[in-house]
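Listing of upload35.txt; format and content: compact mmCIF, C-alpha atoms and all ligand atoms.
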```txt
# COMPACT_ATOMS: atom_id res chain seq x y z
CA GLN A 1129 105.89 -80.38 -96.37
CA GLU A 1130 102.75 -79.04 -94.73
CA ARG A 1131 102.27 -76.53 -91.89
CA THR A 1132 99.87 -76.61 -88.99
CA LEU A 1133 99.28 -74.64 -85.82
CA ALA A 1134 99.62 -76.39 -82.48
CA ILE A 1135 98.75 -74.69 -79.20
CA ILE A 1136 99.94 -75.89 -75.83
CA LYS A 1137 97.01 -74.88 -73.65
CA PRO A 1138 97.29 -73.44 -70.10
CA ASP A 1139 96.82 -76.84 -68.41
CA ALA A 1140 99.81 -78.31 -70.25
CA ILE A 1141 102.34 -75.48 -70.05
CA ARG A 1142 104.12 -77.36 -67.26
CA TYR A 1143 104.77 -80.19 -69.77
CA LEU A 1144 106.31 -77.88 -72.36
CA GLY A 1145 109.57 -79.85 -72.45
CA ASP A 1146 107.91 -83.25 -72.91
CA ILE A 1147 105.64 -81.86 -75.61
CA ILE A 1148 108.52 -80.28 -77.57
CA SER A 1149 110.34 -83.64 -77.35
CA ALA A 1150 107.26 -85.44 -78.69
CA VAL A 1151 107.07 -82.95 -81.56
CA TYR A 1152 110.60 -83.83 -82.74
CA GLU A 1153 110.27 -87.57 -81.96
CA ASN A 1154 107.30 -87.60 -84.33
CA GLY A 1155 109.29 -86.06 -87.19
CA PHE A 1156 107.97 -82.50 -87.07
CA THR A 1157 110.13 -79.41 -87.06
CA ILE A 1158 109.24 -76.09 -85.46
CA ALA A 1159 109.23 -73.04 -87.73
CA ARG A 1160 108.06 -70.46 -85.20
CA MET A 1161 106.96 -70.55 -81.56
CA ARG A 1162 105.48 -67.92 -79.24
CA MET A 1163 104.37 -67.86 -75.61
CA VAL A 1164 101.44 -65.52 -75.02
CA LYS A 1165 98.72 -64.79 -72.49
CA LEU A 1166 95.52 -64.46 -74.53
CA SER A 1167 92.81 -61.95 -73.61
CA GLN A 1168 89.14 -62.95 -73.48
CA ASN A 1169 88.55 -61.09 -76.76
CA GLU A 1170 91.43 -62.91 -78.45
CA VAL A 1171 90.09 -66.31 -77.39
CA MET A 1172 86.54 -65.38 -78.45
CA TYR A 1173 87.90 -64.39 -81.87
CA PHE A 1174 90.12 -67.47 -82.23
CA TYR A 1175 87.26 -69.84 -81.32
CA SER A 1176 84.47 -67.76 -82.90
CA GLU A 1177 83.09 -70.86 -84.69
CA HIS A 1178 82.07 -72.11 -81.21
CA LYS A 1179 80.57 -68.89 -79.85
CA SER A 1180 77.01 -70.28 -79.69
CA LYS A 1181 78.02 -73.56 -77.97
CA ASP A 1182 77.13 -74.16 -74.33
CA PHE A 1183 80.78 -74.87 -73.48
CA PHE A 1184 82.01 -71.55 -74.93
CA PRO A 1185 82.23 -69.63 -71.59
CA ARG A 1186 84.14 -72.56 -70.07
CA LEU A 1187 86.46 -72.62 -73.07
CA VAL A 1188 87.16 -68.87 -72.81
CA ASP A 1189 87.79 -69.12 -69.03
CA PHE A 1190 90.14 -72.04 -69.54
CA MET A 1191 92.10 -70.52 -72.43
CA THR A 1192 92.62 -67.26 -70.48
CA SER A 1193 93.59 -69.01 -67.24
CA GLY A 1194 97.31 -68.89 -68.05
CA SER A 1195 99.84 -68.56 -70.84
CA VAL A 1196 99.69 -70.67 -73.98
CA VAL A 1197 102.44 -71.56 -76.45
CA ALA A 1198 101.58 -71.36 -80.16
CA ILE A 1199 103.79 -73.50 -82.39
CA GLU A 1200 104.01 -73.50 -86.19
CA LEU A 1201 104.74 -77.16 -87.00
CA VAL A 1202 106.20 -78.32 -90.31
CA GLY A 1203 106.21 -81.87 -91.65
CA PRO A 1204 104.68 -84.29 -94.15
CA ASP A 1205 100.88 -84.42 -93.74
CA ALA A 1206 101.34 -82.21 -90.67
CA ILE A 1207 97.68 -81.24 -90.18
CA ASN A 1208 96.23 -84.76 -90.02
CA ARG A 1209 99.28 -86.33 -88.43
CA TRP A 1210 99.37 -83.81 -85.54
CA ARG A 1211 95.65 -84.33 -84.91
CA SER A 1212 96.10 -88.11 -84.85
CA ILE A 1213 99.04 -87.85 -82.43
CA ILE A 1214 97.11 -85.66 -79.98
CA GLY A 1215 93.96 -87.83 -80.18
CA PRO A 1216 90.26 -87.06 -79.66
CA THR A 1217 88.99 -83.76 -78.18
CA ASP A 1218 87.98 -85.40 -74.91
CA SER A 1219 91.13 -86.41 -73.01
CA GLN A 1220 89.23 -89.22 -71.25
CA LYS A 1221 88.41 -90.74 -74.67
CA ALA A 1222 92.06 -90.29 -75.61
CA LYS A 1223 93.08 -92.27 -72.51
CA GLU A 1224 90.81 -95.11 -73.69
CA GLN A 1225 92.28 -95.05 -77.20
CA GLY A 1226 95.91 -95.15 -76.20
CA PRO A 1227 98.15 -93.94 -73.38
CA LEU A 1228 100.69 -92.48 -75.81
CA LEU A 1229 98.24 -90.00 -77.34
CA LEU A 1230 99.32 -86.55 -76.20
CA ARG A 1231 95.89 -85.61 -74.87
CA ALA A 1232 95.91 -88.89 -72.91
CA ARG A 1233 99.32 -88.03 -71.44
CA PHE A 1234 98.78 -84.34 -70.70
CA GLY A 1235 95.02 -83.59 -70.75
CA THR A 1236 92.24 -84.06 -68.22
CA ASP A 1237 88.77 -83.85 -69.78
CA GLY A 1238 86.73 -82.38 -72.66
CA THR A 1239 87.79 -78.78 -72.01
CA ARG A 1240 91.20 -79.17 -70.38
CA ASN A 1241 92.68 -81.16 -73.24
CA ALA A 1242 96.27 -79.86 -73.30
CA LEU A 1243 96.67 -79.23 -77.01
CA HIS A 1244 95.14 -77.78 -80.14
CA GLY A 1245 95.71 -78.71 -83.77
CA SER A 1246 94.35 -77.00 -86.88
CA ASP A 1247 91.67 -79.07 -88.62
CA SER A 1248 92.20 -78.04 -92.29
CA THR A 1249 94.62 -76.18 -94.57
CA THR A 1250 92.30 -73.16 -94.46
CA SER A 1251 92.20 -73.01 -90.67
CA ALA A 1252 95.94 -73.77 -90.45
CA GLN A 1253 96.69 -70.71 -92.59
CA ARG A 1254 94.23 -68.55 -90.67
CA GLU A 1255 95.59 -69.65 -87.29
CA ILE A 1256 99.27 -69.36 -88.26
CA SER A 1257 98.61 -65.83 -89.54
CA TYR A 1258 96.75 -65.02 -86.34
CA PHE A 1259 99.76 -65.83 -84.14
CA PHE A 1260 102.69 -65.09 -86.44
CA GLY A 1261 101.55 -62.81 -89.29
CA SER A 1262 101.00 -63.84 -92.85
CA LYS A 1263 104.58 -64.39 -93.97
CA TYR A 1264 105.66 -68.03 -93.53
CA GLY A 1265 108.92 -68.71 -91.73
CA THR A 1266 111.44 -71.37 -92.74
P1 LIG A 1301 90.99 -77.71 -80.84
O1 LIG A 1301 90.20 -76.82 -81.77
O2 LIG A 1301 91.35 -77.04 -79.53
O3 LIG A 1301 92.12 -78.42 -81.49
P2 LIG A 1301 89.19 -79.83 -81.35
O4 LIG A 1301 89.28 -79.44 -82.77
O5 LIG A 1301 89.52 -81.24 -80.98
O6 LIG A 1301 90.04 -78.90 -80.41
P3 LIG A 1301 86.74 -78.35 -81.18
O7 LIG A 1301 85.44 -79.01 -81.46
O8 LIG A 1301 87.30 -77.43 -82.20
O9 LIG A 1301 87.77 -79.50 -80.78
O10 LIG A 1301 86.59 -77.59 -79.79
C1 LIG A 1301 87.50 -76.58 -79.40
C2 LIG A 1301 87.81 -76.71 -77.93
O11 LIG A 1301 86.63 -76.45 -77.17
C3 LIG A 1301 88.24 -78.10 -77.49
O12 LIG A 1301 89.60 -78.35 -77.68
C4 LIG A 1301 87.87 -78.08 -76.02
O13 LIG A 1301 88.86 -77.40 -75.25
C5 LIG A 1301 86.58 -77.30 -76.03
N1 LIG A 1301 85.42 -78.21 -76.19
C6 LIG A 1301 84.99 -78.78 -77.32
N2 LIG A 1301 83.90 -79.54 -77.12
C7 LIG A 1301 83.63 -79.45 -75.81
C8 LIG A 1301 82.60 -80.00 -74.96
N3 LIG A 1301 81.63 -80.78 -75.44
N4 LIG A 1301 82.65 -79.67 -73.65
C9 LIG A 1301 83.59 -78.86 -73.17
N5 LIG A 1301 84.57 -78.29 -73.91
C10 LIG A 1301 84.60 -78.58 -75.21
```
Turn this file's structure into structure tokens for me.
Ligand code: ATP
Amino acid sequence: QERTLAIIKPDAIRYLGDIISAVYENGFTIARMRMVKLSQNEVMYFYSEHKSKDFFPRLVDFMTSGSVVAIELVGPDAINRWRSIIGPTDSQKAKEQGPLLLRARFGTDGTRNALHGSDSTTSAQREISYFFGSKYGT
């Protein structure tokens, strides 16, 4: 069993129910979950790897535009499997790849892409600790 951090971004909060259903339909379980309104500083810290990118201000605006839900997902190969279920970063590309991809269903474009998924075991641990503290739940 592996753990990853998913985030339901502000543009997809209205689809919370459908997204939770998709989580369980795809064989994940939820260890911990938290709804939070992030501050600009929190988003800048969370996405600090992107701070020099041209899209960074847009990303910070978007991620602070409403509440997000952070979810600690558990399942076999959770990190890669969650990323393949959500699809590519750009929701328009996701729509081309397949209508069942979660970013195709719930996202809009390259910034408003509905969902996040950790990209490695290192970032999964860092991101889970960020939202839930270091001690793993069940
Ligand atoms: P996430 O980290 O949210 O799971 P990702 O790993 O698919 O997404 P990253 O490259 O880490 O993509 O980018 C982080 C976020 O920044 C994206 O999810 C998106 O909201 C925004 N973003 C990334 N690239 C662009 C871009 N070229 N234009 C606009 N926004 C972008």
(Q) Show me, as an NGL selection string, the residues that have an atom within 10 Å of Leu1166 of chain A when counting only C-alpha atoms, minus same-chain residues fewer than 6 positions from it. (A) :A and (1172 or 1174 or 1188 or 1191-1196)
Q) Which polymer residues, protein or nucleic acid, are no farther than 12 Å from (85.6, -73.1, -74.3), counting only C-alpha atoms, as a ChimeraX atom specification? A) /A:1137,1168,1171-1193,1217,1238-1241
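Of the listed residues A:Thr1132, A:Thr1157, A:Ser1149, A:Ser1167, the one whose atoms come nearest to ligand LIG 1301 (chain A) is A:Thr1132, with distances taken using all atoms listed in the file.
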Q.
My list of candidates is A:Gln1129, A:Asn1169, A:Ser1212, A:Ser1262. Which is closest to Leu1229 of chain A when distances are computed with only C-alpha atoms?
A. A:Ser1212
Q: Identify which of the residues A:Lys1221, A:His1244, A:Lys1165, A:Arg1231 lies closest to ligand LIG 1301 (chain A), counting all atoms listed in the file when measuring atom-to-atom distances.
A: A:His1244
Any chance you could work out the axis-aligned box around ligand LIG 1301 (chain A), listed atoms only, 5 Å on each side, giving centre and edge lengths in Å to one decimal, as AutoDock Vina command-line options?
```
--center_x 86.9 --center_y -78.8 --center_z -78.0 --size_x 20.5 --size_y 14.8 --size_z 19.6
```
Q. What is the atom CA of Ala1206 of chain A to atom CA of Ile1147 of chain A distance in Å?
A. 15.7 Å
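Comparing A:Ile1214, A:Ile1256, A:Ala1232, A:Val1164 by their smallest distance to ligand LIG 1301 (chain A), the closest is A:Ile1214 (using all atoms listed in the file).
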Q | All residues 10 Å or closer to Trp1210 of chain A, all atoms listed in the file, same chain fewer than 4 positions away omitted, as a list in words | A | Thr1132, Leu1133, Ala1134, Val1151, Asn1154, Phe1156, Leu1201, Val1202, Gly1203, Asp1205, Ala1206, Ile1214, Gly1215, Leu1230, His1244, Gly1245, Ser1246 and Asp1247 of chain A
Q: Rank A:Gly1235, A:Pro1216, A:Gly1226, A:Met1161 by their smallest atom-to-atom distance to ligand LIG 1301 (chain A), using all atoms listed in the file, and report the top residue only.
A: A:Pro1216
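Interatomic distance, atom C3 of ligand LIG 1301 (chain A) against atom CA of Gln1220 of chain A: 12.8 Å.
As for atom O13 of ligand LIG 1301 (chain A) and atom CA of Ser1219 of chain A, they are spaced 9.6 Å apart.
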(Q) When you look at Ile1148 of chain A with a cut-off of 10 Å (counting only C-alpha atoms), what residues show up, excluding the ones that are within fewer than 4 positions of it in the same chain? I need them as a list in words. (A) Ile1136, Tyr1143, Leu1144, Tyr1152, Glu1153, Phe1156, Thr1157, Ile1158 and Ile1199 of chain A
Q) Of the candidates A:Gln1225, A:Gly1261, A:Thr1250, A:Thr1236, which shows the shortest atom-to-atom distance to Asp1139 of chain A, using only C-alpha atoms? A) A:Thr1236
Taking the block just given, write segment 1156-1257 of chain A to a file that holds C-alpha atoms, as a compact mmCIF listing (two decimals), in the first residue's frame.
```
# COMPACT_ATOMS: atom_id res chain seq x y z
CA PHE A 1156 -8.37 3.89 -3.17
CA THR A 1157 -9.25 4.45 0.45
CA ILE A 1158 -9.12 7.77 2.29
CA ALA A 1159 -6.92 7.93 5.38
CA ARG A 1160 -7.39 11.61 6.21
CA MET A 1161 -9.21 14.53 4.60
CA ARG A 1162 -9.31 18.25 5.37
CA MET A 1163 -11.09 21.26 3.87
CA VAL A 1164 -9.04 24.45 4.13
CA LYS A 1165 -8.81 27.93 2.66
CA LEU A 1166 -5.13 28.43 1.85
CA SER A 1167 -3.43 31.81 2.27
CA GLN A 1168 -1.20 33.27 -0.46
CA ASN A 1169 1.86 32.42 1.64
CA GLU A 1170 0.73 28.82 2.08
CA VAL A 1171 0.23 28.37 -1.68
CA MET A 1172 3.58 30.03 -2.44
CA TYR A 1173 5.25 27.61 -0.02
CA PHE A 1174 3.39 24.54 -1.31
CA TYR A 1175 4.23 25.35 -4.94
CA SER A 1176 7.66 26.89 -4.24
CA GLU A 1177 9.25 24.74 -7.01
CA HIS A 1178 7.26 26.89 -9.48
CA LYS A 1179 7.97 30.32 -7.98
CA SER A 1180 10.01 31.52 -10.97
CA LYS A 1181 7.46 30.35 -13.60
CA ASP A 1182 5.40 32.89 -15.53
CA PHE A 1183 2.17 31.16 -14.47
CA PHE A 1184 3.00 31.36 -10.74
CA PRO A 1185 0.88 34.49 -9.96
CA ARG A 1186 -2.08 32.91 -11.78
CA LEU A 1187 -1.57 29.68 -9.84
CA VAL A 1188 -1.48 31.53 -6.49
CA ASP A 1189 -4.62 33.56 -7.38
CA PHE A 1190 -6.45 30.41 -8.43
CA MET A 1191 -5.46 28.31 -5.42
CA THR A 1192 -6.54 31.09 -3.01
CA SER A 1193 -9.83 31.77 -4.82
CA GLY A 1194 -11.78 29.36 -2.60
CA SER A 1195 -11.49 26.39 -0.29
CA VAL A 1196 -9.59 23.25 -1.24
CA VAL A 1197 -9.90 19.71 0.09
CA ALA A 1198 -6.68 17.82 0.82
CA ILE A 1199 -7.04 14.03 0.79
CA GLU A 1200 -4.52 11.42 1.92
CA LEU A 1201 -5.16 8.52 -0.48
CA VAL A 1202 -4.06 4.95 0.21
CA GLY A 1203 -3.83 2.14 -2.33
CA PRO A 1204 -1.51 -0.03 -4.41
CA ASP A 1205 0.78 2.15 -6.57
CA ALA A 1206 -1.26 5.14 -5.35
CA ILE A 1207 1.10 7.89 -6.56
CA ASN A 1208 1.29 6.85 -10.21
CA ARG A 1209 -2.23 5.45 -10.36
CA TRP A 1210 -3.82 8.67 -9.04
CA ARG A 1211 -1.82 10.74 -11.54
CA SER A 1212 -2.91 8.50 -14.41
CA ILE A 1213 -6.58 8.70 -13.35
CA ILE A 1214 -6.55 12.51 -13.20
CA GLY A 1215 -4.68 12.85 -16.53
CA PRO A 1216 -2.36 15.53 -17.92
CA THR A 1217 -1.89 18.96 -16.27
CA ASP A 1218 -3.82 20.75 -19.01
CA SER A 1219 -7.51 19.82 -18.74
CA GLN A 1220 -7.99 20.44 -22.48
CA LYS A 1221 -5.33 17.79 -23.22
CA ALA A 1222 -7.08 15.51 -20.73
CA LYS A 1223 -10.34 15.95 -22.66
CA GLU A 1224 -8.52 14.81 -25.83
CA GLN A 1225 -7.04 11.77 -24.08
CA GLY A 1226 -10.25 10.48 -22.58
CA PRO A 1227 -13.52 11.83 -21.21
CA LEU A 1228 -13.27 9.70 -18.06
CA LEU A 1229 -10.03 11.31 -16.88
CA LEU A 1230 -10.90 13.37 -13.81
CA ARG A 1231 -9.30 16.54 -15.16
CA ALA A 1232 -11.33 16.04 -18.35
CA ARG A 1233 -14.53 15.70 -16.31
CA PHE A 1234 -13.95 18.48 -13.76
CA GLY A 1235 -11.21 20.80 -15.05
CA THR A 1236 -11.17 23.67 -17.53
CA ASP A 1237 -7.66 24.56 -18.72
CA GLY A 1238 -3.95 24.53 -17.79
CA THR A 1239 -4.42 26.35 -14.47
CA ARG A 1240 -7.98 25.44 -13.49
CA ASN A 1241 -7.37 21.70 -13.60
CA ALA A 1242 -9.53 20.50 -10.69
CA LEU A 1243 -7.07 18.18 -8.97
CA HIS A 1244 -3.54 17.71 -7.72
CA GLY A 1245 -1.57 14.52 -7.22
CA SER A 1246 1.89 14.11 -5.68
CA ASP A 1247 4.54 13.23 -8.27
CA SER A 1248 6.95 11.10 -6.17
CA THR A 1249 7.27 9.34 -2.81
CA THR A 1250 9.37 12.26 -1.55
CA SER A 1251 6.80 14.88 -2.50
CA ALA A 1252 3.94 12.67 -1.27
CA GLN A 1253 5.54 12.53 2.19
CA ARG A 1254 6.29 16.25 2.18
CA GLU A 1255 2.77 17.17 1.06
CA ILE A 1256 0.99 14.77 3.44
CA SER A 1257 3.04 16.19 6.33
```
